[in-house]
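Source file: query-v5.cif. Holds: mmCIF, C-alpha atoms and all ligand atoms.
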data_final
#
loop_
_atom_site.label_atom_id
_atom_site.label_comp_id
_atom_site.auth_asym_id
_atom_site.auth_seq_id
_atom_site.Cartn_x
_atom_site.Cartn_y
_atom_site.Cartn_z
CA MET A 418 93.66 93.14 145.56
CA LYS A 419 94.97 89.67 144.89
CA ILE A 420 97.61 90.44 142.31
CA VAL A 421 100.45 88.11 143.26
CA PRO A 422 104.16 88.18 142.42
CA MET A 423 105.18 86.20 139.37
CA LYS A 424 107.12 83.56 141.30
CA LEU A 425 103.84 82.27 142.74
CA LEU A 426 102.35 81.32 139.39
CA CYS A 427 101.31 78.01 140.88
CA ALA A 428 99.03 76.39 138.34
CA SER A 429 101.58 76.71 135.56
CA ALA A 430 104.42 75.60 137.82
CA VAL A 431 102.47 72.45 138.61
CA ALA A 432 101.61 72.01 134.94
CA VAL A 433 105.27 71.90 133.93
CA GLY A 434 106.17 69.68 136.90
CA ILE A 435 108.36 72.12 138.82
CA SER A 436 109.07 70.72 142.28
CA ALA A 437 107.49 72.28 145.34
CA GLY A 438 111.00 73.21 146.43
CA LEU A 439 111.11 75.94 143.82
CA VAL A 440 107.53 77.15 143.94
CA SER A 441 105.43 76.57 147.03
CA CYS A 442 101.82 75.99 146.04
CA SER A 443 99.04 74.80 148.27
CA ASP A 444 96.24 72.71 146.76
CA SER A 445 93.90 75.70 146.69
CA ASP A 446 96.53 77.86 144.98
CA ALA A 447 96.80 75.34 142.20
CA ALA A 448 93.05 75.43 141.49
CA SER A 449 92.46 75.58 137.78
CA VAL A 450 91.40 79.23 137.40
CA PRO A 451 92.90 80.87 134.30
CA GLN A 452 96.32 82.38 134.95
CA VAL A 453 96.77 85.93 133.66
CA VAL A 454 100.21 87.55 133.54
CA ALA A 455 100.42 91.35 133.29
CA ALA A 456 103.76 93.00 132.55
CA ALA A 457 103.19 96.01 134.83
CA TYR A 458 100.81 97.24 137.53
CA PRO A 459 98.30 99.27 135.44
CA PHE A 460 97.59 96.22 133.24
CA ALA A 461 97.39 93.93 136.29
CA PHE A 462 94.93 96.39 137.85
CA VAL A 463 92.61 96.19 134.84
CA ALA A 464 92.80 92.39 134.69
CA ASP A 465 92.12 92.08 138.42
CA GLN A 466 89.16 94.48 138.38
CA VAL A 467 87.64 92.75 135.37
CA GLY A 468 88.36 89.13 136.30
CA GLY A 469 87.81 89.25 140.08
CA ASP A 470 88.24 85.78 141.53
CA ALA A 471 87.42 84.12 138.21
CA ILE A 472 91.11 84.48 137.29
CA GLU A 473 94.46 84.74 139.04
CA VAL A 474 96.52 87.79 138.08
CA HIS A 475 100.31 87.90 138.27
CA ASN A 476 102.36 91.07 137.88
CA LEU A 477 105.73 90.55 136.16
CA THR A 478 107.03 93.72 137.83
CA SER A 479 107.51 93.24 141.59
CA PRO A 480 106.30 96.03 143.90
CA GLY A 481 108.93 98.77 144.25
CA VAL A 482 110.61 97.95 140.91
CA GLU A 483 110.63 100.58 138.16
CA PRO A 484 108.91 98.67 135.31
CA HIS A 485 110.96 100.21 132.45
CA ASP A 486 113.98 98.39 133.94
CA VAL A 487 112.35 95.08 134.87
CA GLU A 488 114.47 91.98 134.29
CA LEU A 489 113.10 88.49 133.78
CA PRO A 490 115.00 85.54 135.26
CA PRO A 491 114.65 82.23 133.33
CA GLN A 492 112.05 80.90 135.78
CA GLN A 493 109.73 83.84 135.09
CA LEU A 494 110.13 83.23 131.37
CA ALA A 495 109.05 79.62 131.83
CA ASP A 496 106.01 80.75 133.80
CA LEU A 497 105.19 83.33 131.13
CA SER A 498 105.10 80.64 128.47
CA ASP A 499 102.35 78.78 130.38
CA ALA A 500 100.03 81.68 131.18
CA ASP A 501 96.50 81.58 129.71
CA LEU A 502 96.60 85.30 128.93
CA ILE A 503 99.53 87.74 128.82
CA ILE A 504 99.05 91.51 128.84
CA VAL A 505 102.11 93.47 127.70
CA GLU A 506 102.85 96.70 125.92
CA GLY A 507 105.38 96.35 123.11
CA GLY A 508 108.14 98.97 123.40
CA PHE A 509 107.60 99.71 127.12
CA GLN A 510 109.75 97.03 128.79
CA PRO A 511 112.65 95.75 126.62
CA ALA A 512 113.21 92.69 128.85
CA VAL A 513 109.58 91.61 128.42
CA ASP A 514 109.69 92.14 124.64
CA ASP A 515 112.90 90.06 124.43
CA GLY A 516 111.43 87.39 126.71
CA LEU A 517 108.31 86.99 124.57
CA GLU A 518 110.51 86.59 121.51
CA GLN A 519 112.52 83.84 123.21
CA ILE A 520 109.54 81.76 124.29
CA ALA A 521 106.49 80.62 122.42
CA PRO A 522 103.59 81.57 124.71
CA THR A 523 100.77 79.05 124.60
CA GLY A 524 98.23 81.57 125.87
CA GLU A 525 96.79 84.61 124.15
CA VAL A 526 98.76 87.85 124.20
CA ILE A 527 97.18 91.29 124.43
CA ASP A 528 99.66 93.91 123.21
CA VAL A 529 98.36 97.17 124.68
CA ALA A 530 100.21 99.05 121.93
CA ARG A 531 97.79 97.44 119.43
CA VAL A 532 94.66 98.09 121.51
CA VAL A 533 95.01 101.86 121.91
CA THR A 534 96.51 104.53 119.66
CA LEU A 535 99.96 105.55 120.83
CA GLN A 536 101.25 109.10 120.50
CA ASP A 537 104.82 110.28 119.99
CA ALA A 538 106.92 110.66 123.11
CA PRO A 539 107.59 114.29 124.05
CA ALA A 540 110.89 115.37 122.43
CA GLU A 541 111.95 111.81 121.56
CA ALA A 542 111.79 109.89 118.30
CA THR A 543 109.79 107.05 119.77
CA LEU A 544 106.25 106.24 120.87
CA ASP A 545 105.16 107.04 124.42
CA PRO A 546 104.19 103.90 126.41
CA HIS A 547 102.41 105.64 129.35
CA ILE A 548 98.86 105.14 128.05
CA TRP A 549 97.32 104.39 131.47
CA LEU A 550 97.60 108.04 132.50
CA ASP A 551 94.75 108.71 130.05
CA PRO A 552 91.47 107.35 131.51
CA GLN A 553 89.90 107.17 128.03
CA ARG A 554 92.63 104.84 126.76
CA MET A 555 92.10 102.76 129.93
CA VAL A 556 88.46 102.30 128.86
CA ALA A 557 89.64 100.82 125.54
CA LEU A 558 92.05 98.53 127.37
CA THR A 559 89.31 97.43 129.79
CA ASN A 560 87.06 96.44 126.88
CA ALA A 561 89.86 94.43 125.26
CA VAL A 562 90.79 92.63 128.50
CA ALA A 563 87.13 91.94 129.33
CA GLY A 564 86.59 90.26 125.94
CA ARG A 565 89.54 87.90 126.44
CA VAL A 566 88.84 87.17 130.10
CA ALA A 567 85.16 86.42 129.33
CA SER A 568 86.22 83.89 126.71
CA LEU A 569 88.62 82.26 129.20
CA THR A 570 85.85 81.98 131.83
CA PRO A 571 82.68 81.13 129.84
CA ASP A 572 80.54 80.21 132.90
CA ARG A 573 81.34 83.56 134.52
CA ALA A 574 81.27 85.72 131.42
CA SER A 575 78.31 87.86 132.51
CA GLU A 576 79.98 88.57 135.87
CA VAL A 577 83.15 89.59 134.00
CA ARG A 578 81.15 91.91 131.74
CA ASP A 579 79.47 93.48 134.82
CA ASN A 580 82.88 94.01 136.44
CA ALA A 581 84.15 95.64 133.25
CA ARG A 582 81.11 97.94 133.12
CA ARG A 583 81.77 99.06 136.72
CA LEU A 584 85.42 99.84 135.96
CA ILE A 585 84.47 101.72 132.78
CA ASP A 586 81.93 103.81 134.75
CA ALA A 587 84.67 104.67 137.28
CA LEU A 588 87.07 105.60 134.45
CA HIS A 589 84.45 107.87 132.86
CA GLU A 590 83.90 109.55 136.25
CA LEU A 591 87.66 110.00 136.61
CA ASP A 592 87.87 111.52 133.14
CA ALA A 593 85.03 113.94 133.96
CA ALA A 594 86.71 114.94 137.25
CA TYR A 595 89.97 115.70 135.40
CA ARG A 596 88.14 117.61 132.68
CA SER A 597 86.28 119.90 135.09
CA GLY A 598 89.07 120.02 137.71
CA LEU A 599 91.67 121.24 135.21
CA ALA A 600 89.42 123.49 133.12
CA ASP A 601 90.19 126.77 134.83
CA CYS A 602 93.78 127.11 136.06
CA THR A 603 96.25 129.97 136.54
CA ARG A 604 99.01 127.98 134.78
CA ARG A 605 98.92 125.07 132.31
CA THR A 606 102.62 124.08 132.60
CA PHE A 607 103.65 121.39 135.07
CA VAL A 608 107.13 120.01 135.75
CA THR A 609 107.57 116.27 136.31
CA SER A 610 110.47 113.93 136.97
CA HIS A 611 110.37 111.53 133.97
CA ALA A 612 108.25 112.15 130.88
CA ALA A 613 105.35 109.90 131.91
CA PHE A 614 102.46 112.35 131.66
CA GLY A 615 102.31 113.10 127.93
CA TYR A 616 98.89 111.45 127.44
CA LEU A 617 97.46 113.19 130.49
CA ALA A 618 98.82 116.56 129.28
CA ALA A 619 97.39 116.04 125.79
CA ARG A 620 93.98 114.91 127.06
CA TYR A 621 93.50 117.82 129.49
CA ASP A 622 95.33 120.54 127.58
CA LEU A 623 98.33 120.86 129.92
CA GLU A 624 101.99 121.42 129.05
CA MET A 625 104.43 118.88 130.54
CA VAL A 626 108.07 119.83 131.13
CA SER A 627 110.07 116.79 132.30
CA VAL A 628 113.37 116.80 134.15
CA VAL A 629 114.39 113.55 132.42
CA GLY A 630 113.00 111.90 129.29
CA LEU A 631 111.13 108.63 128.87
CA ASP A 632 113.87 106.66 130.60
CA PRO A 633 113.77 107.54 134.31
CA THR A 634 117.42 106.60 134.84
CA VAL A 635 119.04 109.12 132.46
CA GLU A 636 119.88 112.40 134.21
CA PRO A 637 119.75 115.78 132.42
CA SER A 638 122.92 117.66 131.47
CA PRO A 639 123.71 120.88 133.40
CA ALA A 640 122.49 122.88 130.35
CA GLU A 641 119.17 120.99 130.25
CA GLN A 642 118.81 121.48 134.00
CA ALA A 643 119.38 125.23 133.62
CA ALA A 644 116.78 125.39 130.82
CA ILE A 645 114.18 123.74 133.06
CA ALA A 646 114.99 126.14 135.91
CA ASP A 647 114.49 129.04 133.45
CA THR A 648 111.07 127.69 132.43
CA VAL A 649 110.07 127.30 136.09
CA THR A 650 110.96 130.93 136.81
CA ARG A 651 109.48 132.32 133.59
CA GLU A 652 106.15 130.49 133.90
CA GLY A 653 105.82 130.96 137.66
CA VAL A 654 105.72 127.18 138.21
CA THR A 655 105.09 126.55 141.93
CA THR A 656 105.87 122.85 142.15
CA ILE A 657 108.46 120.38 140.87
CA PHE A 658 106.85 116.95 140.82
CA THR A 659 108.86 113.88 141.77
CA GLU A 660 107.73 110.29 141.81
CA THR A 661 107.81 107.24 143.98
CA LEU A 662 110.10 104.81 142.12
CA VAL A 663 112.78 107.24 140.90
CA SER A 664 115.41 109.34 142.71
CA SER A 665 114.36 112.98 143.18
CA ALA A 666 117.84 114.54 143.56
CA VAL A 667 117.80 116.61 140.33
CA ALA A 668 114.21 117.75 140.89
CA GLU A 669 115.16 118.87 144.39
CA THR A 670 118.15 120.81 143.07
CA ILE A 671 115.92 122.67 140.58
CA ALA A 672 113.37 123.35 143.31
CA ASP A 673 116.11 124.75 145.56
CA GLU A 674 117.37 127.02 142.78
CA THR A 675 113.96 128.36 141.84
CA GLY A 676 112.15 128.41 145.19
CA ALA A 677 109.52 125.93 143.95
CA ARG A 678 108.28 123.20 146.28
CA VAL A 679 108.62 119.47 145.69
CA ARG A 680 105.52 117.27 145.62
CA THR A 681 104.71 113.76 144.40
CA LEU A 682 102.92 113.05 141.13
CA ASP A 683 102.66 109.30 140.75
CA PRO A 684 103.12 107.90 137.22
CA ILE A 685 101.39 104.76 138.57
CA GLU A 686 103.88 102.43 136.95
CA GLY A 687 103.88 100.31 140.08
CA LEU A 688 102.90 100.34 143.74
CA THR A 689 105.47 100.85 146.51
CA GLU A 690 105.45 100.10 150.23
CA GLU A 691 103.88 103.55 150.81
CA THR A 692 101.20 103.12 148.15
CA SER A 693 100.42 99.42 148.69
CA ASP A 694 96.89 100.27 149.93
CA GLU A 695 96.16 102.50 146.93
CA THR A 696 94.81 101.59 143.49
CA TYR A 697 95.11 103.11 140.04
CA LEU A 698 91.86 105.02 140.70
CA THR A 699 92.83 106.46 144.10
CA LEU A 700 96.31 107.43 142.84
CA MET A 701 94.79 109.17 139.80
CA ARG A 702 92.50 111.13 142.16
CA ALA A 703 95.50 112.12 144.32
CA ASN A 704 97.36 113.23 141.18
CA LEU A 705 94.42 115.44 140.22
CA VAL A 706 94.46 117.12 143.65
CA ALA A 707 98.23 117.71 143.32
CA LEU A 708 97.94 119.15 139.79
CA ARG A 709 95.07 121.46 140.77
CA GLN A 710 97.03 122.77 143.73
CA ALA A 711 100.27 123.26 141.74
CA ASN A 712 98.57 125.06 138.85
CA GLY A 713 96.13 127.22 140.79
CA CYS A 714 92.93 125.64 139.42
CA SER A 715 89.57 126.82 140.69
ZN ZN A 801 107.71 105.62 132.60
#
Starting from the file, give its structure as structure tokens.
Amino acid sequence: MKIVPMKLLCASAVAVGISAGLVSCSDSDAASVPQVVAAAYPFAFVADQVGGDAIEVHNLTSPGVEPHDVELPPQQLADLSDADLIIVEGGFQPAVDDGLEQIAPTGEVIDVARVVTLQDAPAEATLDPHIWLDPQRMVALTNAVAGRVASLTPDRASEVRDNARRLIDALHELDAAYRSGLADCTRRTFVTSHAAFGYLAARYDLEMVSVVGLDPTVEPSPAEQAAIADTVTREGVTTIFTETLVSSAVAETIADETGARVRTLDPIEGLTEETSDETYLTLMRANLVALRQANGCS
């Protein structure tokens, strides 16, 4: 995958005359392919799969950074204003929302929150941003991105449409695997670290209990922690899921108290050093295996 960190947005850096001391761009880097900026990994994944080498995709969230908390230095804001296409989700990353308000982007903006229907966040008076954990919503996003990318690359539009069709086929296969893989399970409750899996739970008729809410950095009170431990015991939950970009201390405490084991369920908000060879599709498959095992699915 050739998603590159934001600081290497070469074509736009050259366009605004930034010296090579700040941004090192070779001649080939600065080739005039459309520059697409995605605010987080799942959106960058879609753009990269759809655009292939007809575009250059930049992820605003560096690998290993939790995207809810991403911060944008002034240089990244300048780069953002020159992108040909920006893919963001309003309400997901406050720093990105603020940044877009400060600048006047010259390129088109896809707001994911306007492409798919959002649902309420579990137990919070806000909308849930984690739409990528529903393969069917990812199909809608793929169609929207393909339309814009095809219009940015008119001589390669049919190739872009073919790429989009391949990704949509893979997303439909993923959806079917989840549907059949989670149809017949001993338990339907699963316990996660932050409340990222609301769309997945709704799509496949599971019940998510999260240790923290939508914001991964807010820890539960002792009373909330005790209530989760009670649910784990009452429902016979075997596994407390933790994730790659967030501390697992509280989840491990609850697991210790209840005798449950700790496993990883990746909210796929970003790749880490350990998952750098994975993709959205392979991580979703690994999540399905983990959910089936935890919930005793046949
Ligand atoms: Zn999240």
For ligand ZN 801 (chain A), list the contacting residues at 9 Å or closer, counting only C-alpha atoms and all ligand atoms, as a ChimeraX atom specification. /A:483-485,509,545-547,611-614,630-633,684-686
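The two atoms in question, CA of Glu488 in chain A and CA of Glu541 in chain A, are spaced 23.7 Å apart.
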(99.7, 114.0, 145.1) in this file's frame - what residues fall within 9 Å of it? Use only C-alpha atoms and give the answer as a PyMOL selection string. chain A and resi 658+680-683+700-708
Which residue out of A:Ile503, A:Ala512, A:Ala668, A:Ala457 has the minimum interatomic distance to Leu489 in chain A when all atoms listed in the file are used? A:Ala512
Surrounding residues of range 590-597 of chain A excluding itself and chain neighbours under 2 positions, 10 Å, only C-alpha atoms, as a ChimeraX atom specification: /A:551-553,584-588,599-601,617,620-622,698-699,701-702,704-706,708-709,714-715
How would range 550-576 of chain A look with N, CA and C atoms restored, written as a tab-separated table (two decimals), in the frame of the given file?
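Once written, selection-v7.tsv looks like this:
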chain	number	residue	atom	x	y	z
A	550	LEU	N	97.87	106.75	131.87
A	550	LEU	CA	97.60	108.04	132.50
A	550	LEU	C	96.52	108.81	131.75
A	551	ASP	N	95.93	108.18	130.74
A	551	ASP	CA	94.75	108.71	130.05
A	551	ASP	C	93.57	107.78	130.34
A	552	PRO	N	92.60	108.23	131.16
A	552	PRO	CA	91.47	107.35	131.51
A	552	PRO	C	90.71	106.84	130.29
A	553	GLN	N	90.65	107.63	129.21
A	553	GLN	CA	89.90	107.17	128.03
A	553	GLN	C	90.60	105.99	127.35
A	554	ARG	N	91.93	106.01	127.31
A	554	ARG	CA	92.63	104.84	126.76
A	554	ARG	C	92.46	103.63	127.69
A	555	MET	N	92.34	103.88	128.99
A	555	MET	CA	92.10	102.76	129.93
A	555	MET	C	90.74	102.11	129.68
A	556	VAL	N	89.76	102.88	129.21
A	556	VAL	CA	88.46	102.30	128.86
A	556	VAL	C	88.63	101.31	127.71
A	557	ALA	N	89.40	101.72	126.68
A	557	ALA	CA	89.64	100.82	125.54
A	557	ALA	C	90.35	99.55	125.99
A	558	LEU	N	91.33	99.71	126.88
A	558	LEU	CA	92.05	98.53	127.37
A	558	LEU	C	91.12	97.61	128.17
A	559	THR	N	90.26	98.22	128.99
A	559	THR	CA	89.31	97.43	129.79
A	559	THR	C	88.41	96.60	128.88
A	560	ASN	N	87.90	97.19	127.82
A	560	ASN	CA	87.06	96.44	126.88
A	560	ASN	C	87.81	95.26	126.26
A	561	ALA	N	89.07	95.50	125.88
A	561	ALA	CA	89.86	94.43	125.26
A	561	ALA	C	90.12	93.29	126.25
A	562	VAL	N	90.50	93.66	127.48
A	562	VAL	CA	90.79	92.63	128.50
A	562	VAL	C	89.51	91.87	128.85
A	563	ALA	N	88.40	92.60	128.97
A	563	ALA	CA	87.13	91.94	129.33
A	563	ALA	C	86.74	90.90	128.29
A	564	GLY	N	86.93	91.22	127.01
A	564	GLY	CA	86.59	90.26	125.94
A	564	GLY	C	87.38	88.97	126.08
A	565	ARG	N	88.69	89.09	126.33
A	565	ARG	CA	89.54	87.90	126.44
A	565	ARG	C	89.24	87.12	127.72
A	566	VAL	N	89.08	87.86	128.82
A	566	VAL	CA	88.84	87.17	130.10
A	566	VAL	C	87.49	86.45	130.05
A	567	ALA	N	86.47	87.07	129.44
A	567	ALA	CA	85.16	86.42	129.33
A	567	ALA	C	85.27	85.12	128.53
A	568	SER	N	86.11	85.13	127.49
A	568	SER	CA	86.22	83.89	126.71
A	568	SER	C	87.02	82.82	127.44
A	569	LEU	N	87.88	83.25	128.38
A	569	LEU	CA	88.62	82.26	129.20
A	569	LEU	C	87.75	81.68	130.32
A	570	THR	N	86.69	82.40	130.70
A	570	THR	CA	85.85	81.98	131.83
A	570	THR	C	84.39	81.97	131.38
A	571	PRO	N	84.02	81.07	130.45
A	571	PRO	CA	82.68	81.13	129.84
A	571	PRO	C	81.53	81.07	130.86
A	572	ASP	N	81.67	80.28	131.95
A	572	ASP	CA	80.54	80.21	132.90
A	572	ASP	C	80.42	81.48	133.75
A	573	ARG	N	81.43	82.33	133.72
A	573	ARG	CA	81.34	83.56	134.52
A	573	ARG	C	81.42	84.80	133.64
A	574	ALA	N	81.10	84.62	132.38
A	574	ALA	CA	81.27	85.72	131.42
A	574	ALA	C	80.41	86.94	131.75
A	575	SER	N	79.17	86.70	132.25
A	575	SER	CA	78.31	87.86	132.51
A	575	SER	C	78.83	88.64	133.72
A	576	GLU	N	79.37	87.91	134.70
A	576	GLU	CA	79.98	88.57	135.87
A	576	GLU	C	81.19	89.42	135.41
